[in-house]
file input-v6.txt (compact mmCIF, N, CA and C atoms)
# COMPACT_ATOMS: atom_id res chain seq x y z
N ARG A 1 106.13 74.89 83.65
CA ARG A 1 106.47 75.69 82.49
C ARG A 1 107.43 76.82 82.81
N TYR A 2 107.34 77.29 84.05
CA TYR A 2 108.19 78.43 84.44
C TYR A 2 109.45 77.92 85.11
N THR A 3 110.50 78.67 84.94
CA THR A 3 111.74 78.33 85.64
C THR A 3 111.57 78.68 87.11
N PRO A 4 112.37 78.05 87.98
CA PRO A 4 112.29 78.40 89.41
C PRO A 4 112.56 79.89 89.65
N GLU A 5 113.45 80.48 88.86
CA GLU A 5 113.77 81.91 89.02
C GLU A 5 112.56 82.77 88.68
N THR A 6 111.83 82.39 87.63
CA THR A 6 110.64 83.14 87.24
C THR A 6 109.56 83.04 88.30
N VAL A 7 109.38 81.85 88.85
CA VAL A 7 108.39 81.65 89.91
C VAL A 7 108.75 82.51 91.13
N THR A 8 110.01 82.51 91.49
CA THR A 8 110.48 83.33 92.61
C THR A 8 110.20 84.80 92.35
N ARG A 9 110.50 85.26 91.14
CA ARG A 9 110.27 86.65 90.76
C ARG A 9 108.77 87.00 90.82
N LEU A 10 107.92 86.12 90.30
CA LEU A 10 106.48 86.37 90.32
C LEU A 10 105.93 86.40 91.75
N ARG A 11 106.45 85.53 92.60
CA ARG A 11 106.03 85.53 94.01
C ARG A 11 106.47 86.83 94.70
N PHE A 12 107.66 87.26 94.38
CA PHE A 12 108.18 88.52 94.92
C PHE A 12 107.25 89.67 94.53
N ILE A 13 106.92 89.74 93.25
CA ILE A 13 106.04 90.81 92.75
C ILE A 13 104.68 90.73 93.42
N ARG A 14 104.11 89.55 93.49
CA ARG A 14 102.79 89.37 94.11
C ARG A 14 102.80 89.80 95.57
N HIS A 15 103.82 89.41 96.30
CA HIS A 15 103.90 89.76 97.71
C HIS A 15 104.03 91.27 97.89
N ALA A 16 104.88 91.90 97.09
CA ALA A 16 105.04 93.36 97.16
C ALA A 16 103.73 94.07 96.83
N ARG A 17 103.01 93.59 95.82
CA ARG A 17 101.73 94.21 95.45
C ARG A 17 100.68 93.96 96.55
N ASP A 18 100.69 92.77 97.15
CA ASP A 18 99.77 92.48 98.27
C ASP A 18 100.01 93.44 99.43
N LEU A 19 101.25 93.86 99.62
CA LEU A 19 101.58 94.80 100.68
C LEU A 19 101.29 96.25 100.28
N GLY A 20 100.82 96.45 99.05
CA GLY A 20 100.40 97.77 98.62
C GLY A 20 101.46 98.62 97.95
N PHE A 21 102.62 98.06 97.67
CA PHE A 21 103.66 98.83 97.00
C PHE A 21 103.22 99.11 95.56
N SER A 22 103.59 100.27 95.06
CA SER A 22 103.25 100.65 93.69
C SER A 22 104.08 99.85 92.70
N GLN A 23 103.66 99.90 91.45
CA GLN A 23 104.43 99.20 90.41
C GLN A 23 105.84 99.77 90.30
N ASP A 24 105.96 101.08 90.44
CA ASP A 24 107.29 101.69 90.38
C ASP A 24 108.18 101.20 91.53
N ASP A 25 107.59 101.12 92.73
CA ASP A 25 108.34 100.61 93.87
C ASP A 25 108.79 99.17 93.62
N VAL A 26 107.88 98.36 93.08
CA VAL A 26 108.22 96.96 92.81
C VAL A 26 109.35 96.88 91.79
N ARG A 27 109.30 97.72 90.77
CA ARG A 27 110.39 97.74 89.79
C ARG A 27 111.72 98.07 90.46
N GLN A 28 111.69 99.06 91.35
CA GLN A 28 112.92 99.43 92.06
C GLN A 28 113.42 98.29 92.93
N PHE A 29 112.50 97.66 93.65
CA PHE A 29 112.89 96.52 94.48
C PHE A 29 113.51 95.40 93.63
N LEU A 30 112.89 95.13 92.49
CA LEU A 30 113.41 94.08 91.62
C LEU A 30 114.81 94.41 91.12
N SER A 31 115.03 95.67 90.76
CA SER A 31 116.38 96.02 90.29
C SER A 31 117.39 95.94 91.43
N MET A 32 116.96 96.24 92.63
CA MET A 32 117.87 96.13 93.79
C MET A 32 118.16 94.68 94.14
N SER A 33 117.17 93.82 93.95
CA SER A 33 117.32 92.44 94.40
C SER A 33 118.44 91.70 93.68
N GLY A 34 118.85 92.20 92.53
CA GLY A 34 119.95 91.58 91.80
C GLY A 34 121.31 92.07 92.23
N LYS A 35 121.36 93.03 93.15
CA LYS A 35 122.63 93.61 93.61
C LYS A 35 122.82 93.27 95.09
N LEU A 36 123.18 92.05 95.35
CA LEU A 36 123.19 91.53 96.72
C LEU A 36 124.18 92.23 97.65
N ASP A 37 125.20 92.86 97.11
CA ASP A 37 126.19 93.54 97.96
C ASP A 37 125.87 95.03 98.14
N ALA A 38 124.84 95.53 97.49
CA ALA A 38 124.49 96.95 97.59
C ALA A 38 123.84 97.24 98.94
N PRO A 39 123.98 98.47 99.44
CA PRO A 39 123.34 98.81 100.71
C PRO A 39 121.81 98.80 100.58
N CYS A 40 121.17 98.61 101.70
CA CYS A 40 119.71 98.48 101.76
C CYS A 40 119.00 99.82 101.98
N VAL A 41 119.73 100.91 101.97
CA VAL A 41 119.19 102.23 102.31
C VAL A 41 118.00 102.60 101.44
N GLU A 42 118.12 102.41 100.15
CA GLU A 42 117.05 102.80 99.23
C GLU A 42 115.79 101.96 99.45
N ALA A 43 115.96 100.66 99.64
CA ALA A 43 114.81 99.78 99.90
C ALA A 43 114.13 100.18 101.21
N ASP A 44 114.91 100.46 102.23
CA ASP A 44 114.35 100.92 103.51
C ASP A 44 113.57 102.22 103.33
N ALA A 45 114.11 103.14 102.55
CA ALA A 45 113.45 104.43 102.33
C ALA A 45 112.11 104.24 101.63
N ILE A 46 112.07 103.38 100.65
CA ILE A 46 110.80 103.11 99.95
C ILE A 46 109.79 102.51 100.91
N ALA A 47 110.22 101.54 101.70
CA ALA A 47 109.31 100.89 102.64
C ALA A 47 108.83 101.86 103.72
N ARG A 48 109.71 102.72 104.21
CA ARG A 48 109.31 103.71 105.23
C ARG A 48 108.33 104.73 104.66
N ARG A 49 108.58 105.16 103.43
CA ARG A 49 107.66 106.10 102.77
C ARG A 49 106.28 105.46 102.62
N HIS A 50 106.26 104.20 102.23
CA HIS A 50 104.99 103.49 102.08
C HIS A 50 104.29 103.32 103.43
N LEU A 51 105.05 103.01 104.46
CA LEU A 51 104.50 102.87 105.81
C LEU A 51 103.83 104.17 106.26
N GLU A 52 104.48 105.29 106.02
CA GLU A 52 103.89 106.58 106.40
C GLU A 52 102.59 106.84 105.64
N GLU A 53 102.55 106.49 104.38
CA GLU A 53 101.33 106.64 103.59
C GLU A 53 100.22 105.75 104.14
N VAL A 54 100.56 104.52 104.49
CA VAL A 54 99.57 103.60 105.07
C VAL A 54 99.05 104.16 106.39
N ARG A 55 99.94 104.67 107.23
CA ARG A 55 99.51 105.26 108.51
C ARG A 55 98.61 106.47 108.31
N ARG A 56 98.92 107.29 107.30
CA ARG A 56 98.09 108.45 107.00
C ARG A 56 96.69 107.99 106.56
N LYS A 57 96.63 106.98 105.73
CA LYS A 57 95.34 106.46 105.27
C LYS A 57 94.55 105.85 106.42
N ILE A 58 95.23 105.14 107.30
CA ILE A 58 94.56 104.54 108.47
C ILE A 58 93.95 105.63 109.34
N ALA A 59 94.69 106.69 109.58
CA ALA A 59 94.18 107.80 110.40
C ALA A 59 92.94 108.42 109.74
N MET A 60 93.00 108.61 108.43
CA MET A 60 91.84 109.17 107.73
C MET A 60 90.65 108.22 107.79
N LEU A 61 90.90 106.93 107.63
CA LEU A 61 89.82 105.95 107.69
C LEU A 61 89.21 105.86 109.09
N LYS A 62 90.03 106.00 110.12
CA LYS A 62 89.50 106.00 111.49
C LYS A 62 88.58 107.19 111.71
N GLY A 63 88.96 108.35 111.19
CA GLY A 63 88.10 109.53 111.29
C GLY A 63 86.81 109.33 110.52
N LEU A 64 86.90 108.73 109.36
CA LEU A 64 85.73 108.44 108.56
C LEU A 64 84.82 107.46 109.27
N GLU A 65 85.40 106.44 109.88
CA GLU A 65 84.61 105.47 110.63
C GLU A 65 83.85 106.14 111.77
N LYS A 66 84.53 106.98 112.53
CA LYS A 66 83.88 107.68 113.65
C LYS A 66 82.71 108.51 113.16
N GLU A 67 82.90 109.21 112.05
CA GLU A 67 81.83 110.06 111.51
C GLU A 67 80.65 109.22 111.04
N LEU A 68 80.92 108.12 110.39
CA LEU A 68 79.83 107.26 109.94
C LEU A 68 79.07 106.63 111.10
N VAL A 69 79.80 106.24 112.15
CA VAL A 69 79.15 105.71 113.35
C VAL A 69 78.26 106.78 113.97
N ARG A 70 78.79 107.99 114.07
CA ARG A 70 78.01 109.09 114.67
C ARG A 70 76.76 109.38 113.83
N MET A 71 76.93 109.41 112.51
CA MET A 71 75.79 109.68 111.63
C MET A 71 74.71 108.63 111.80
N THR A 72 75.11 107.37 111.84
CA THR A 72 74.11 106.31 111.89
C THR A 72 73.53 106.12 113.28
N CYS A 73 74.29 106.42 114.32
CA CYS A 73 73.77 106.30 115.68
C CYS A 73 72.79 107.43 115.99
N ASP A 74 73.01 108.58 115.38
CA ASP A 74 72.12 109.72 115.61
C ASP A 74 70.84 109.64 114.79
N SER A 75 70.77 108.68 113.88
CA SER A 75 69.59 108.53 113.04
C SER A 75 68.53 107.75 113.81
N HIS A 76 67.31 108.25 113.75
CA HIS A 76 66.23 107.62 114.52
C HIS A 76 65.25 106.87 113.63
N HIS A 77 65.64 106.63 112.39
CA HIS A 77 64.86 105.82 111.46
C HIS A 77 63.46 106.37 111.22
N GLY A 78 63.31 107.68 111.33
CA GLY A 78 62.02 108.32 111.07
C GLY A 78 61.85 108.54 109.58
N THR A 79 61.42 109.73 109.24
CA THR A 79 61.24 110.06 107.83
C THR A 79 62.49 110.73 107.28
N ILE A 80 62.57 110.82 105.97
CA ILE A 80 63.70 111.48 105.33
C ILE A 80 63.81 112.93 105.80
N ALA A 81 62.69 113.56 106.09
CA ALA A 81 62.71 114.95 106.56
C ALA A 81 63.52 115.10 107.85
N ASP A 82 63.57 114.05 108.65
CA ASP A 82 64.29 114.08 109.93
C ASP A 82 65.52 113.18 109.94
N CYS A 83 65.96 112.73 108.78
CA CYS A 83 67.05 111.75 108.68
C CYS A 83 68.41 112.40 108.91
N ARG A 84 69.12 111.95 109.94
CA ARG A 84 70.44 112.49 110.28
C ARG A 84 71.46 112.20 109.17
N VAL A 85 71.35 111.06 108.54
CA VAL A 85 72.28 110.71 107.47
C VAL A 85 72.14 111.70 106.31
N ILE A 86 70.92 111.92 105.87
CA ILE A 86 70.68 112.85 104.76
C ILE A 86 71.07 114.27 105.15
N GLU A 87 70.75 114.67 106.36
CA GLU A 87 71.11 116.01 106.85
C GLU A 87 72.62 116.21 106.85
N THR A 88 73.35 115.24 107.36
CA THR A 88 74.81 115.34 107.44
C THR A 88 75.44 115.34 106.05
N LEU A 89 74.95 114.50 105.17
CA LEU A 89 75.49 114.47 103.81
C LEU A 89 75.23 115.78 103.07
N GLY A 90 74.14 116.44 103.40
CA GLY A 90 73.80 117.70 102.75
C GLY A 90 74.56 118.90 103.27
N ASP A 91 75.13 118.78 104.45
CA ASP A 91 75.83 119.93 105.05
C ASP A 91 77.04 119.43 105.83
N HIS A 92 78.21 119.62 105.25
CA HIS A 92 79.46 119.11 105.85
C HIS A 92 79.71 119.73 107.23
N SER A 93 79.13 120.86 107.52
CA SER A 93 79.37 121.49 108.82
C SER A 93 78.81 120.65 109.97
N HIS A 94 77.95 119.69 109.67
CA HIS A 94 77.44 118.79 110.72
C HIS A 94 78.45 117.72 111.11
N CYS A 95 79.50 117.57 110.31
CA CYS A 95 80.52 116.56 110.60
C CYS A 95 81.51 117.09 111.63
N ARG A 96 82.03 116.19 112.42
CA ARG A 96 83.02 116.57 113.44
C ARG A 96 84.45 116.33 112.97
N ALA A 97 84.61 115.54 111.93
CA ALA A 97 85.96 115.20 111.45
C ALA A 97 86.14 115.69 110.02
N ASP A 98 87.37 116.02 109.69
CA ASP A 98 87.69 116.38 108.31
C ASP A 98 88.02 115.10 107.56
N HIS A 99 87.10 114.67 106.76
CA HIS A 99 87.26 113.41 106.04
C HIS A 99 87.09 113.62 104.54
N GLN A 100 87.21 114.83 104.07
CA GLN A 100 86.94 115.13 102.68
C GLN A 100 87.88 114.43 101.72
N HIS A 101 89.05 114.04 102.16
CA HIS A 101 90.03 113.39 101.26
C HIS A 101 90.29 111.95 101.64
N ALA A 102 89.36 111.33 102.32
CA ALA A 102 89.55 109.94 102.76
C ALA A 102 89.50 108.99 101.59

call {"tool": "encode", "arguments": {"input": "input-v6.txt", "output": "structure tokens"}}
result
Amino acid sequence: RYTPETVTRLRFIRHARDLGFSQDDVRQFLSMSGKLDAPCVEADAIARRHLEEVRRKIAMLKGLEKELVRMTCDSHHGTIADCRVIETLGDHSHCRADHQHA
């Protein structure tokens, strides 16, 4: 039912979204893709900006992972009164990493 061009366009959009690009980024990429002689500077800039955001998120998630491992390893499965998980969640000062915006 779809033309080959439409299928190609939909695959392009799907792949860009799978890589985490925003809808606005995908729109920009699509408008650039029709200008085959235009420089690639803008597309590179969008991809680099996205890469930096992904790296920032990965760093935050690694810190979050370490904190969760520490919380659960320090828990001795006793009562709630002695639960390290509950204690840590109740008082952020028990955390070693800043993960408030993860």

call {"tool": "atom_distance", "arguments": {"input": "input-v6.txt", "atom1": "atom N of Ala59 in chain A", "atom2": "CA of Asp18 in chain A"}}
result
18.9 Å

call {"tool": "atom_distance", "arguments": {"input": "input-v6.txt", "atom1": "atom C of Gln28 in chain A", "atom2": "atom N of Thr8 in chain A"}}
result
16.2 Å

call {"tool": "select_by_dssp", "arguments": {"input": "input-v6.txt", "residues": "chain A", "states": "alpha helix (DSSP H)", "output": "NGL selection string"}}
result
:A and (4-18 or 23-33 or 41-73 or 84-90)

call {"tool": "atom_distance", "arguments": {"input": "input-v6.txt", "atom1": "atom N of His15 in chain A", "atom2": "atom C of Phe29 in chain A"}}
result
11.7 Å
